[in-house]
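File shown here: coords21.txt, holding compact mmCIF, C-alpha atoms.
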# COMPACT_ATOMS: atom_id res chain seq x y z
CA MET A 1 -19.80 -24.58 136.56
CA PRO A 2 -20.03 -21.16 138.33
CA GLY A 3 -22.95 -20.99 140.72
CA GLY A 4 -23.35 -24.79 140.70
CA PRO A 5 -23.76 -26.99 143.79
CA ALA A 6 -20.02 -27.54 144.30
CA GLN A 7 -19.32 -23.81 144.38
CA ASN A 8 -22.33 -23.01 146.59
CA ALA A 9 -21.30 -25.64 149.17
CA ARG A 10 -18.70 -23.23 150.58
CA PHE A 11 -21.32 -20.57 151.40
CA GLN A 12 -22.94 -20.52 154.81
CA PRO A 13 -26.40 -18.93 154.85
CA LEU A 14 -26.58 -15.83 157.00
CA ARG A 15 -29.27 -15.60 159.67
CA LEU A 16 -29.66 -12.49 161.87
CA ARG A 17 -31.98 -11.13 164.54
CA ALA A 18 -32.32 -7.50 165.54
CA GLU A 19 -33.78 -6.60 168.92
CA ASP A 20 -32.34 -3.13 169.52
CA ALA A 21 -30.91 -0.15 167.62
CA GLU A 22 -27.36 -1.57 167.71
CA ASP A 23 -28.57 -4.82 166.14
CA VAL A 24 -30.28 -2.78 163.41
CA ILE A 25 -26.90 -1.24 162.51
CA VAL A 26 -25.48 -4.74 161.88
CA LEU A 27 -28.59 -5.81 159.96
CA SER A 28 -28.38 -2.66 157.85
CA ALA A 29 -24.72 -3.29 156.99
CA CYS A 30 -25.49 -6.84 155.86
CA LEU A 31 -28.39 -5.68 153.70
CA GLN A 32 -26.73 -2.61 152.16
CA ASP A 33 -27.27 -2.61 148.39
CA ALA A 34 -29.92 -5.34 148.48
CA THR A 35 -32.39 -5.09 145.61
CA ILE A 36 -36.11 -5.37 146.27
CA ARG A 37 -39.07 -5.49 143.90
CA CYS A 38 -42.06 -3.54 145.16
CA ALA A 39 -44.15 -6.67 144.54
CA ASP A 40 -41.99 -8.53 147.08
CA MET A 41 -42.96 -6.29 150.03
CA THR A 42 -46.08 -6.89 152.07
CA TRP A 43 -47.66 -5.63 155.25
CA GLN A 44 -49.83 -8.12 157.12
CA PRO A 45 -51.75 -5.87 159.54
CA GLN A 46 -53.58 -8.74 161.28
CA GLN A 47 -50.22 -10.34 162.17
CA ARG A 48 -48.58 -6.91 162.66
CA ARG A 49 -45.79 -8.04 160.32
CA PHE A 50 -43.99 -6.32 157.46
CA ALA A 51 -42.14 -8.82 155.26
CA LEU A 52 -40.03 -8.67 152.14
CA VAL A 53 -37.86 -10.82 149.94
CA LEU A 54 -34.71 -9.25 148.59
CA ASN A 55 -31.50 -10.11 146.79
CA ARG A 56 -28.71 -9.12 149.10
CA PHE A 57 -25.16 -8.53 148.00
CA ARG A 58 -22.82 -10.78 150.02
CA TRP A 59 -20.33 -8.13 151.10
CA GLU A 60 -18.84 -10.67 153.50
CA ASP A 61 -17.52 -12.65 150.50
CA GLU A 62 -15.76 -9.75 148.76
CA GLY A 63 -12.41 -10.10 150.58
CA GLN A 64 -12.39 -13.85 149.98
CA ALA A 65 -13.15 -13.37 146.29
CA ASP A 66 -10.30 -10.85 145.96
CA ALA A 67 -7.88 -13.35 147.52
CA ARG A 68 -9.00 -16.11 145.14
CA ARG A 69 -9.07 -14.07 141.91
CA GLY A 70 -6.55 -15.48 139.49
CA LEU A 71 -6.07 -18.64 141.57
CA ILE A 72 -9.43 -20.28 140.95
CA ARG A 73 -11.85 -19.43 138.20
CA ILE A 74 -14.91 -18.16 140.08
CA GLU A 75 -17.36 -15.33 139.82
CA PRO A 76 -16.05 -12.63 142.13
CA HIS A 77 -19.37 -11.10 143.19
CA ILE A 78 -22.26 -12.95 144.81
CA ARG A 79 -25.90 -12.22 145.66
CA VAL A 80 -28.38 -14.41 147.49
CA ALA A 81 -32.13 -14.28 148.03
CA ALA A 82 -33.04 -13.46 151.61
CA GLY A 83 -36.22 -13.04 153.62
CA LEU A 84 -36.62 -10.19 156.08
CA HIS A 85 -39.50 -9.48 158.41
CA PHE A 86 -40.34 -7.06 161.17
CA ASP A 87 -42.87 -8.00 163.86
CA GLY A 88 -44.97 -5.75 166.09
CA VAL A 89 -45.56 -3.32 163.22
CA LEU A 90 -48.32 -0.84 164.01
CA LYS A 91 -48.14 1.39 160.94
CA VAL A 92 -46.40 1.40 157.53
CA GLN A 93 -45.80 4.46 155.38
CA THR A 94 -44.03 4.61 152.02
CA SER A 95 -42.67 7.57 150.11
CA GLY A 96 -40.63 8.27 147.01
CA PHE A 97 -41.77 5.27 144.94
CA ASP A 98 -44.93 3.78 143.46
CA ARG A 99 -45.98 0.72 145.52
CA GLY A 100 -48.29 -0.29 142.68
CA ASP A 101 -45.45 -0.63 140.16
CA ASP A 102 -44.69 -4.36 140.45
CA ARG A 103 -41.73 -4.04 138.07
CA ALA A 104 -40.00 -1.31 140.07
CA VAL A 105 -36.76 -2.40 141.73
CA LEU A 106 -35.45 -0.54 144.76
CA GLU A 107 -31.90 -0.56 146.11
CA LEU A 108 -31.65 -0.55 149.90
CA LEU A 109 -29.08 1.89 151.25
CA SER A 110 -29.70 1.52 154.98
CA ILE A 111 -32.10 0.74 157.80
CA MET A 112 -32.29 3.34 160.54
CA ALA A 113 -33.78 2.95 164.02
CA GLU A 114 -34.87 5.76 166.32
CA PRO A 115 -37.01 5.91 169.46
CA ALA A 116 -40.70 6.55 168.79
CA GLY A 117 -40.98 8.99 171.69
CA ASP A 118 -39.08 10.85 174.38
CA ASP A 119 -39.12 8.03 176.95
CA VAL A 120 -35.85 6.10 176.51
CA GLU A 121 -37.32 3.15 178.47
CA ASP A 122 -40.16 2.75 175.94
CA PRO A 123 -39.20 0.00 173.43
CA ALA A 124 -41.38 1.52 170.66
CA ALA A 125 -39.35 2.63 167.65
CA ILE A 126 -39.45 4.05 164.17
CA LEU A 127 -37.57 1.95 161.62
CA THR A 128 -36.85 3.50 158.24
CA LEU A 129 -35.71 1.54 155.21
CA VAL A 130 -33.91 4.09 153.01
CA PHE A 131 -33.63 3.42 149.26
CA ALA A 132 -31.47 4.96 146.54
CA GLY A 133 -33.28 7.73 144.73
CA GLY A 134 -35.06 9.01 147.83
CA GLY A 135 -37.58 6.25 148.48
CA ALA A 136 -38.33 5.07 152.00
CA VAL A 137 -40.50 2.72 154.05
CA ARG A 138 -41.26 3.92 157.58
CA LEU A 139 -42.36 1.34 160.14
CA GLU A 140 -43.82 2.23 163.52
CA VAL A 141 -43.12 -0.76 165.78
CA GLU A 142 -44.00 -1.72 169.35
CA CYS A 143 -40.41 -2.81 169.81
CA ILE A 144 -37.54 -3.74 167.52
CA GLU A 145 -38.05 -7.33 166.46
CA ALA A 146 -36.59 -8.25 163.06
CA GLN A 147 -35.27 -11.42 161.47
CA MET A 148 -33.33 -11.94 158.25
CA GLN A 149 -32.29 -15.23 156.68
CA ASP A 150 -30.70 -16.25 153.39
CA ILE A 151 -33.26 -18.46 151.66
CA GLY A 152 -31.77 -19.32 148.32
CA ALA A 153 -28.61 -20.53 146.67
CA PRO A 154 -25.99 -17.83 146.09
CA PHE A 155 -25.66 -16.71 142.48
CA PRO A 156 -22.88 -14.83 140.68
CA VAL A 157 -23.32 -11.25 139.48
CA ARG A 158 -21.06 -9.23 137.22
CA ARG A 159 -20.55 -6.14 139.32
CA ALA A 160 -20.28 -5.06 142.91
CA PRO A 161 -22.43 -2.07 143.86
CA GLN A 162 -20.59 1.24 143.46
CA HIS A 163 -20.98 4.32 145.65
CA LYS A 164 -19.80 7.81 144.83
CA VAL A 165 -17.64 9.29 147.56
CA GLN A 166 -18.59 12.90 148.32
CA ASP A 167 -15.91 15.44 149.23
File written out as structure tokens:
Amino acid sequence: MPGGPAQNARFQPLRLRAEDAEDVIVLSACLQDATIRCADMTWQPQQRRFALVLNRFRWEDEGQADARRGLIRIEPHIRVAAGLHFDGVLKVQTSGFDRGDDRAVLELLSIMAEPAGDDVEDPAAILTLVFAGGGAVRLEVECIEAQMQDIGAPFPVRRAPQHKVQD
């Protein structure tokens, strides 16, 4: 049975930490094309934490699925629920989407990190989650401190995300 316990046993949950801009590049690549419901994002100002639950596309499985196609009957594309949080968040700003629309689904394109000021020694940063269609979440953080972890069983999906290549 596709997506059953026997098939999911071969998947290792991914767990990542980001503590600098280079780590954010890796985190961004692993979360590219994740889908997020607006209702699954929250800022906890007292804890200075921004957290979200998303369904990430397991790009790391795509090469393995291509090699197995035709040999074993499996679903070739996989998503998994994952939790992501950023600590030390001082301010959150959103643009390009309605935070109040609980049914809205956003597709994450990338996470960008840039220094918050001119002092390169200052660990403060601006993190921007960029979504398809022009939406964004901008986080002002004391320092880059993010964690992501797969939290659910992988599940098959029909299609891999597609991107138009511009000339």
Counting all atoms listed in the file, what is within 9 Å of segment 142-153 of chain A, bar same-chain residues fewer than 5 positions away, as an mmCIF file with C-alpha atoms, in the frame of the given file?
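The file below, part_19.cif, is the result:
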data_model
loop_
_atom_site.group_PDB
_atom_site.id
_atom_site.type_symbol
_atom_site.label_atom_id
_atom_site.label_comp_id
_atom_site.auth_asym_id
_atom_site.auth_seq_id
_atom_site.Cartn_x
_atom_site.Cartn_y
_atom_site.Cartn_z
ATOM 1 C CA GLY A 3 -22.950 -20.990 140.720
ATOM 2 C CA PRO A 5 -23.760 -26.990 143.790
ATOM 3 C CA ASN A 8 -22.330 -23.010 146.590
ATOM 4 C CA PHE A 11 -21.320 -20.570 151.400
ATOM 5 C CA GLN A 12 -22.940 -20.520 154.810
ATOM 6 C CA PRO A 13 -26.400 -18.930 154.850
ATOM 7 C CA LEU A 14 -26.580 -15.830 157.000
ATOM 8 C CA ARG A 15 -29.270 -15.600 159.670
ATOM 9 C CA LEU A 16 -29.660 -12.490 161.870
ATOM 10 C CA ARG A 17 -31.980 -11.130 164.540
ATOM 11 C CA ALA A 18 -32.320 -7.500 165.540
ATOM 12 C CA GLU A 19 -33.780 -6.600 168.920
ATOM 13 C CA ASP A 20 -32.340 -3.130 169.520
ATOM 14 C CA ALA A 21 -30.910 -0.150 167.620
ATOM 15 C CA VAL A 24 -30.280 -2.780 163.410
ATOM 16 C CA LEU A 27 -28.590 -5.810 159.960
ATOM 17 C CA ARG A 56 -28.710 -9.120 149.100
ATOM 18 C CA ARG A 79 -25.900 -12.220 145.660
ATOM 19 C CA VAL A 80 -28.380 -14.410 147.490
ATOM 20 C CA ALA A 81 -32.130 -14.280 148.030
ATOM 21 C CA ALA A 82 -33.040 -13.460 151.610
ATOM 22 C CA GLY A 83 -36.220 -13.040 153.620
ATOM 23 C CA LEU A 84 -36.620 -10.190 156.080
ATOM 24 C CA HIS A 85 -39.500 -9.480 158.410
ATOM 25 C CA PHE A 86 -40.340 -7.060 161.170
ATOM 26 C CA ASP A 87 -42.870 -8.000 163.860
ATOM 27 C CA GLY A 88 -44.970 -5.750 166.090
ATOM 28 C CA VAL A 89 -45.560 -3.320 163.220
ATOM 29 C CA LEU A 90 -48.320 -0.840 164.010
ATOM 30 C CA ALA A 113 -33.780 2.950 164.020
ATOM 31 C CA ALA A 116 -40.700 6.550 168.790
ATOM 32 C CA ASP A 122 -40.160 2.750 175.940
ATOM 33 C CA PRO A 123 -39.200 0.000 173.430
ATOM 34 C CA ALA A 124 -41.380 1.520 170.660
ATOM 35 C CA ALA A 125 -39.350 2.630 167.650
ATOM 36 C CA ILE A 126 -39.450 4.050 164.170
ATOM 37 C CA LEU A 127 -37.570 1.950 161.620
#
First collect every listed atom of segment 127-137 of chain A; then fit an axis-aligned box around them, widen it by 6 Å on each side, and give centre and edge lengths in Å to one decimal, as lines of an AutoDock Vina configuration file.
center_x = -36.0
center_y = 5.3
center_z = 153.2
size_x = 21.0
size_y = 19.5
size_z = 28.9
Selection near Asp102 of chain A, 8 Å with all atoms listed in the file, sequence-local residues under 2 positions removed, as a list in words: Arg37, Cys38, Ala39, Arg99, Gly100 and Ala104 of chain A
Nearest-residue call for Ala136 of chain A, choices A:Ser110, A:Leu54, A:Arg103, A:Gln162, using all atoms listed in the file: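 Selected residue with least distance to Ala136 of chain A: A:Ser110.
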Coordinates-based distance that separates atom CA of Asn55 of chain A from atom CA of Thr128 of chain A (Å, one decimal): 18.6 Å
Leu129 of chain A surroundings by only C-alpha atoms, 10 Å radius, close-in-sequence under 2 positions cut, as a list in words: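 The residues that qualify are Ser28, Thr94, Leu108, Leu109, Ser110, Ile111, Met112, Ala113, Leu127, Phe131, Gly135, Ala136, Val137, Arg138 and Leu139 of chain A.
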